[in-house]
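To start, the structure under review is shown below, and the notes come after it.
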Amino acid sequence: MSERQPRKAKENIFIRFRNRIRRFLTQGYYDYSLIFLVLCLCLFGIMMVYSTTSYSDIQLGRSEWYSTLKQFRYLIICIVGMILLSMVNYHLYGKIIFIGIYVILLGLFIALMVKGTTANASQRWLNLGPFYIQPSELAKPGIIVMLASFLNSKYGVMMRKQRNQKRAIHVKEENKKRERAGMPKLRVKEEAMEYGMLGRLSRNNLFFIGGFLLMSPFLLLIVSENLSTAIIVFLIIFGMFFIVSDKKKIFAFLVLAMVLLILIVILRIRETGSFPLIKDYQATRIKMWLNPESDPAGKGYQILQGLYTIGSGGLFGRGLGSSVQKLGLLPEAQNDMVFCIICEELGLFGATLVLFVFVLLLWRILFIIRNAPDFHGFLLAVGIFLHFSFQILMNIAVTTNMMPNTGVILPFISNGGSALMASMAEIGILLNISRKIRVKQLDRELRAVEEAGEENPEGQ
Amino acid sequence: MATKEPYPQEERPAKAPRPPYVKEYMEGKLLLVTAVFIVAFLLLFVRLVYLAIWKNDEYIKNVNNNYGYQTTTVPAPRGNILDRNGDVLANSNANYILVIEPKAIMEQDYYRITALMLFKNVLGFNEETLDERLTQITKACEDKEAADLLGRELPDEAKTMYNRRWYWRYPEYENENRTIIEGDVMREVQSLAEQLRSTKRDDKIQAVMKIFKVNEEQITGITADVDEQRAAIKKAKGNILTRIGDWITGAKREEKTIDYEGIAKKWSVDEQTVRGIANLSVLRIVGIRFETEYERDYPNQTLACKILGFYSPYYPESSMGLERSYDAVLSGVDGLRKTYMTEDLNRDATYIAPRQGNTLVTGIDSHIQGIIEKQIKQFMQEIGAENVGVVCINPQNGTIVAMADDRIYDPNKHDDLASFYTQERLDEIWERVLKEDKSMQKKLLGATPEEQKTLQTSGTLNYVYRNFCLSDTYEPGSAFKPLTVAMGYELGLVNEDTTFMCNGFTSFGSTKIRCHNREGCGELDLTGALANSCNVSLMDISAKIGRDNFFDYRCRFNIGSKTGVDLPGEVSAENLNFTADQLNPIELATSSFGQGFNTTMMQMAAALCTTINGGYYYVPHVVTEVRSPDGQVIDRPYSTPVTQVISKKTSDYLREAMYEVVEEGTASYVKIAGYEIGGKTGTAQKGNYAENNYVISLASFIPVAEPDLFLYVVVDQPHLEEQNSSKWAQLLSKRIWMEVIPYMNLHSKEAGIDYLNPNESGNDPDPPKDGYDEDGFITTDENGEQPVQPDQPDQPVSPDQPGQPQQPVLPDDEERDE
């Protein structure tokens, strides 16, 4: 930055805080349309939570508002958390945070495993004294942040070196000219010269393997706990590596291999009913996906009821709140299957509208990706984009029986605190990235403000 | 928040939006991923459109089918069946069945306590066994979950338990062990549930007082104590900040719980009660409901069982009688109670009340029916026969007043024959079924012993359920003669003055058809021919009528086709009747006196009614009116005659002639002093003429001037060595008339009549039955003709009497083949 006036004496802390808030509100770009879309979805979610839980709450002898209020409290906390997180510079998610998150997540999962072995059924919830948390939901943003930081530090540094190498070559030539002309040489960093000798991205492969190795404990731990989260986490990791890497063939080969493997598994299970390493209940789910009518009252019940629920809504639905299937017929109506209830109550029209809002949300994220101020922001936004896309797609695919039944919730709409917390944290990170977007006009104004010396930008 | 610019500002590209280090290929790949997502979204959208539009109708149906669980069907009672005096012949009684839903009950501890207290204090059940059972089922559910997780099979016993997780009928699932609750008790439980659900504390306390058997003071005391302790516990637990602090420091606070035992001791109740009352505000009666079932009740037991039939709710197609033919009218429309919540959270938002089925008013007179059944029973005890059928019709409108045969059962427990039949009788019936039904024998051959047993049971039952009056055919014999006379009279071929000459037989080529009186009846006028039941005269008449007219009139009398009576199981006997082409002289001749073809009792009764009611053919029917449950008349079926077959003049003549038959002719046994009874006897030899088995019958009506009742009695093979006398049918008819006449307000001075001593009743010259036994049976010669009974006293005219058979008409088989 240009020349600065000497710092003024430290002001009162309140005035500084006020200035900070004022700056937050007036300076920089802030993606209000993203907030608007997210709030729309969240409030709609609250509505759906009320619609789907009031009946069962009363059946359980609680107030009809019990679950709704609980979810609403979570929402308030999450909105506050989102705004606070949007004020945290995403560049802080560096090495220290990386190790911190790594250790915490690993600890949570191991705690869960230990607890899971003592209990009879698989446990997704961890009782942490005053809180209940679902580690697998928190793992998603955690892994996105870790991976972004990892890729940025390794890949970004590598690219920076590559750039320096180019510059070094340029400097060398320039120096030769200057030498001939008898002019003084340009000063060049020695290290840059040194790195410039390295081949172009020669450590690419090594570093992908390293990345997968880093993430593998989580994948393994999550697989043992719930497969659906593991699939999503795997897809996020895979997608991020795919986008970042300049390789194409290897990824094409991997995707092809995976598709083939999945096909073989499905065909084998259809024929023989089992496959090595696939647990029985998972095989049953695949069988039910292929033919839910074969056991309409048992294993195929949820799928079939989900389809009936979607189909019975028709074009405009039964009307908000007048779902019949939520009255104890459709399992998980407030969680995984909430989209079915939307279809039943609001019809194809309402469901399309919800889908449209989701697409708008993804478009906003895409906008942030494309305008990210730097590589770290780009990586974070890509991770979050992949997460939301996969989650929404998988949820709707499960409800419409386009893929085997796995417990994936619909972001912002399904009932549940941990999931909402994770989603909102990611939105908070996105908002912070969006704040760093340099809008040309804004940039000029900012500079004008800076030059006027009225206020210090971030301390240097 | 320091942001180090990663590159010198002046190097930042002025316009390129791509952030530094984000390579072009990354954007390309991102675009690829985005494209894949867009395609995926489009696919899902198409799938949604397919589900929501193409599959809409089908899935709405499926969802509506789910109502079965969400909503309860309220069964509708069936309509009543009344007799012509308005007495109930069949009605529906409500049964309330207790259904327990363990899963719901075990959801909360206080639900369980409330339910158990309700069982104990209100319903009076053994709460401990119920509690044990509930626990077992819940454990089975948990086991099932664990087994599913481990991929193991549940043991059978646990599986049965698990399958009862939704509901079972106390004390056992099986239907016969269900608990039927009194209506009052059910309503009390329902009102208690309502009170508990109420928001008013007073209502709740009232309900709790009844369920837990405690008084108001105890309730308020217990709730106050519990609240106090709860507040103390909350205080001890601390707020969330202290809890976080505890969690961090690892300090453990003493866990305080409510001292239920102490409170229970203080208020001298048991601990369970305290645990229940502690949750007063959320106390509900959950998982206990009642199913209403209607049971068909026939208050008169066996009375009119063949007409009413029975209703089997699980297999309506196997119902019998009126219950079957009027099933659509009798069955009501089931109601629905949807127990889900609406937007304003009302329970029972919609209740479609069940609609009772319509009431059938029948023309049956319970009293006459009772008399007839009693007399048949008595006849069967004293004489016995293969079959006895009695039909009593009001000839003026074709309404069946009574109908019965000798095979009775109780429609209330229609499977149970043991209370009416001895085992020997049942075996006898089974032998008869086997004899009649050749296909049954074939079925038996290829069946296991168990299947044979089932076949035997069902075969016997079906035989007992069969209505002889509708489903069995026989040769009517002389009872058909009035119809032949009616044809001739109607056509103007004969009249009162026509005379016939009977010399014992009529020849058709080489075939001689004899009159029952082998020596000939001499010269007879038309009335005399009927009164003497002279076959030769009748053959003369039929010859005059001719083939076409005879066939035409036979069809108009509806002989050989179903009458259309409103009862199931009627047969037409169409194949057992001559077609117009087959009515060659001999067939025509035998037909004239009712041999050679078969009819049912119903056909004969309907046709004979026509000859005495002015010539109108009415479809015989049981039901006269269909009323809605509130008493409005909806329908009067069969109220008009179908057609007029013969003129009033013919009918008037026939009534007089049949009066003569009773006064001076063959039917004199039925004569009751002081009453004008008309009638016609019938004695027909059965199928194989050599066997000498007879169907004897009597059609009679009263009073002659304008008949109110027509009675047709058929006795198939009376268990006598000497069968060929219509005397037994006449005496049975007489016994019936003797009881019916006073009931009809026609007073009689006659004393009782005895089968064994008919002489005592006045005008019967026939010797007592003992005489026959002493004299032995009547021998039959080679031609199947029977010699004249030497002891036969000289009666006025008794061609149907023993020793003077109207059969055999066809002396031997060769002749018959012609």
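Labels used: A, B, ... for chains in the order of the structure tokens, numbers from 1 for residues in each chain, and numbers from 1 for ligands as shown.
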
Q | Residues within 7 Å of A:Pro411, only C-alpha atoms, excluding chain neighbours under 3 positions, as a PyMOL selection string | A | chain A and resi 392+414+420+423

Next, write the just-selected residues to a file, as a tab-separated table (two decimals), in the first residue's frame, keeping C-alpha atoms as the atom set.
```
chain	number	residue	atom	x	y	z
A	392	ILE	CA	-29.01	-31.89	-2.31
A	414	SER	CA	-34.36	-31.07	7.44
A	420	LEU	CA	-27.80	-27.00	10.29
A	423	SER	CA	-24.28	-25.86	6.71
```

Q) Any idea what's packed within 8 Å of B:Phe593, counting only C-alpha atoms, ignoring anything in its chain fewer than 4 positions away? Could you give it as an NGL selection string? A) :B and (477-481 or 484 or 535 or 538-539 or 589)

Q. Counting only C-alpha atoms, what is within 9 Å of A:Leu138, bar same-chain residues fewer than 5 positions away, as a VMD selection string?
A. chain A and resid 105 133 143 418 to 419 421 to 422

Q | Surrounding residues of B:Arg324 excluding itself and chain neighbours under 4 positions, 9 Å, only C-alpha atoms, as an MDAnalysis selection string | A | chainID B and resid 308:311 316:320 328 567:568

Q. Which residues, written as a ChimeraX atom specification, have at least one atom at most 6 Å from A:Phe316, with only C-alpha atoms counted and residues fewer than 3 positions away on the same chain left out?
A. /A:346-347,349

Write a file of the just-selected residues containing N, CA and C atoms, as a tab-separated table (two decimals), in the first residue's frame.
```tsv
chain	number	residue	atom	x	y	z
A	346	LEU	N	-47.07	-29.33	-1.23
A	346	LEU	CA	-47.02	-28.21	-2.17
A	346	LEU	C	-46.99	-28.66	-3.62
A	347	GLY	N	-46.94	-29.95	-3.81
A	347	GLY	CA	-47.01	-30.48	-5.16
A	347	GLY	C	-45.73	-30.28	-5.95
A	349	PHE	N	-45.21	-28.13	-8.08
A	349	PHE	CA	-44.94	-26.70	-8.14
A	349	PHE	C	-44.03	-26.27	-7.00
```

Q) For B:Asp156, which of B:Ala40, B:Leu608, B:Ala140, B:Cys515 is the closest residue, counting only C-alpha atoms? A) B:Ala140

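Residues in contact range of B:Pro155, defined as at most 10 Å between only C-alpha atoms, with sequence neighbours fewer than 4 positions away removed, read Ala140, Asp143, Lys144, Ala147, Lys159 and Thr160 of chain B.
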
Produce a file of the selected residues containing N, CA and C atoms, as a PDB file, in the first residue's frame.
```pdb
ATOM      1  N   ALA B 140     -39.178 -58.238  22.542  1.00  0.00           N
ATOM      2  CA  ALA B 140     -39.093 -58.868  21.222  1.00  0.00           C
ATOM      3  C   ALA B 140     -38.762 -57.821  20.155  1.00  0.00           C
ATOM      4  N   ASP B 143     -35.148 -57.053  20.516  1.00  0.00           N
ATOM      5  CA  ASP B 143     -34.397 -58.188  20.002  1.00  0.00           C
ATOM      6  C   ASP B 143     -34.375 -58.166  18.480  1.00  0.00           C
ATOM      7  N   LYS B 144     -35.510 -57.817  17.923  1.00  0.00           N
ATOM      8  CA  LYS B 144     -35.623 -57.818  16.465  1.00  0.00           C
ATOM      9  C   LYS B 144     -34.671 -56.793  15.866  1.00  0.00           C
ATOM     10  N   ALA B 147     -31.247 -58.128  16.178  1.00  0.00           N
ATOM     11  CA  ALA B 147     -31.031 -59.246  15.261  1.00  0.00           C
ATOM     12  C   ALA B 147     -30.848 -58.735  13.835  1.00  0.00           C
ATOM     13  N   LYS B 159     -40.477 -63.992  17.260  1.00  0.00           N
ATOM     14  CA  LYS B 159     -41.054 -63.471  16.021  1.00  0.00           C
ATOM     15  C   LYS B 159     -42.556 -63.263  16.167  1.00  0.00           C
ATOM     16  N   THR B 160     -43.205 -64.249  16.775  1.00  0.00           N
ATOM     17  CA  THR B 160     -44.642 -64.121  16.995  1.00  0.00           C
ATOM     18  C   THR B 160     -44.931 -62.904  17.849  1.00  0.00           C
TER      19      THR B 160
END
```

Q | All strand (DSSP E or B) residues (DSSP, backbone) inside stretch 425-656 of chain B, as a VMD selection string | A | chain B and resid 473 to 474 499 to 502 505 to 508 511 to 514 522 to 525 599 to 600 616 to 617 621 623 to 627 633 to 635 643 to 644

Next, dump the selected residues to file, keeping only C-alpha atoms, as a PDB file, in the first residue's frame.
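Done, and the output landed in part-v2.pdb:
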```pdb
ATOM      1  CA  THR B 473     -86.927 -82.042  -7.812  1.00  0.00           C
ATOM      2  CA  TYR B 474     -89.483 -84.816  -7.846  1.00  0.00           C
ATOM      3  CA  THR B 499    -118.131 -86.977 -19.046  1.00  0.00           C
ATOM      4  CA  PHE B 500    -115.334 -89.485 -19.167  1.00  0.00           C
ATOM      5  CA  MET B 501    -115.425 -93.222 -19.308  1.00  0.00           C
ATOM      6  CA  CYS B 502    -112.695 -95.016 -17.397  1.00  0.00           C
ATOM      7  CA  PHE B 505    -106.470 -98.160 -18.808  1.00  0.00           C
ATOM      8  CA  THR B 506    -105.776 -96.329 -22.026  1.00  0.00           C
ATOM      9  CA  SER B 507    -103.845 -97.954 -24.840  1.00  0.00           C
ATOM     10  CA  PHE B 508    -101.210 -96.269 -26.895  1.00  0.00           C
ATOM     11  CA  THR B 511     -98.504 -99.660 -24.353  1.00  0.00           C
ATOM     12  CA  LYS B 512    -101.209 -99.666 -21.768  1.00  0.00           C
ATOM     13  CA  ILE B 513    -101.289 -96.874 -19.276  1.00  0.00           C
ATOM     14  CA  ARG B 514    -103.407 -97.787 -16.370  1.00  0.00           C
ATOM     15  CA  GLY B 522    -116.647 -95.958 -14.537  1.00  0.00           C
ATOM     16  CA  GLU B 523    -118.323 -92.910 -15.910  1.00  0.00           C
ATOM     17  CA  LEU B 524    -117.179 -89.672 -14.386  1.00  0.00           C
ATOM     18  CA  ASP B 525    -117.812 -86.034 -14.947  1.00  0.00           C
ATOM     19  CA  THR B 599     -90.606 -80.028 -10.815  1.00  0.00           C
ATOM     20  CA  THR B 600     -89.716 -78.311  -7.615  1.00  0.00           C
ATOM     21  CA  TYR B 616    -103.025 -64.724 -11.744  1.00  0.00           C
ATOM     22  CA  TYR B 617     -99.473 -65.941 -11.694  1.00  0.00           C
ATOM     23  CA  HIS B 621     -91.549 -64.282  -2.814  1.00  0.00           C
ATOM     24  CA  VAL B 623     -89.850 -60.120   0.929  1.00  0.00           C
ATOM     25  CA  THR B 624     -92.795 -57.784   0.716  1.00  0.00           C
ATOM     26  CA  GLU B 625     -91.179 -54.482   1.609  1.00  0.00           C
ATOM     27  CA  VAL B 626     -87.751 -52.928   1.783  1.00  0.00           C
ATOM     28  CA  ARG B 627     -87.567 -50.208   4.387  1.00  0.00           C
ATOM     29  CA  VAL B 633     -90.677 -47.803   2.565  1.00  0.00           C
ATOM     30  CA  ILE B 634     -88.174 -47.874  -0.262  1.00  0.00           C
ATOM     31  CA  ASP B 635     -89.417 -50.703  -2.384  1.00  0.00           C
ATOM     32  CA  THR B 643     -99.488 -62.542 -15.899  1.00  0.00           C
ATOM     33  CA  GLN B 644    -102.979 -63.940 -15.940  1.00  0.00           C
TER      34      GLN B 644
END
```

Q: Output as a PyMOL selection string all residues of stretch 274-440 of chain B that backbone DSSP marks as helix (DSSP H, G or I).
A: chain B and resi 274-278+280-282+305-308+316-318+321-325+327-330+366-382+411-413+423-436+438-440

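Atom to atom, atom CA of B:Ala278 and atom CA of B:Gln108 stand 13.0 Å apart.
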
**Q.** Using only C-alpha atoms: which of A:Ala181, A:Cys340, A:Ile264, A:Leu41 has the shortest distance to chain B
**A.**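 Checking each of A:Ala181, A:Cys340, A:Ile264, A:Leu41 against chain B, counting only C-alpha atoms, the winner is A:Cys340.
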
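Picture a line from atom CA of B:Val536 to atom CA of B:Cys521; it runs 8.9 Å.
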
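From atom CA of B:Pro707 back to atom CA of B:Val88, the distance works out to 26.9 Å.
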
**Q.** Residue among B:Ile368, B:Val208, B:Ile408, B:Ala76 lying closest to B:Ser281, counting only C-alpha atoms
**A.** B:Val208
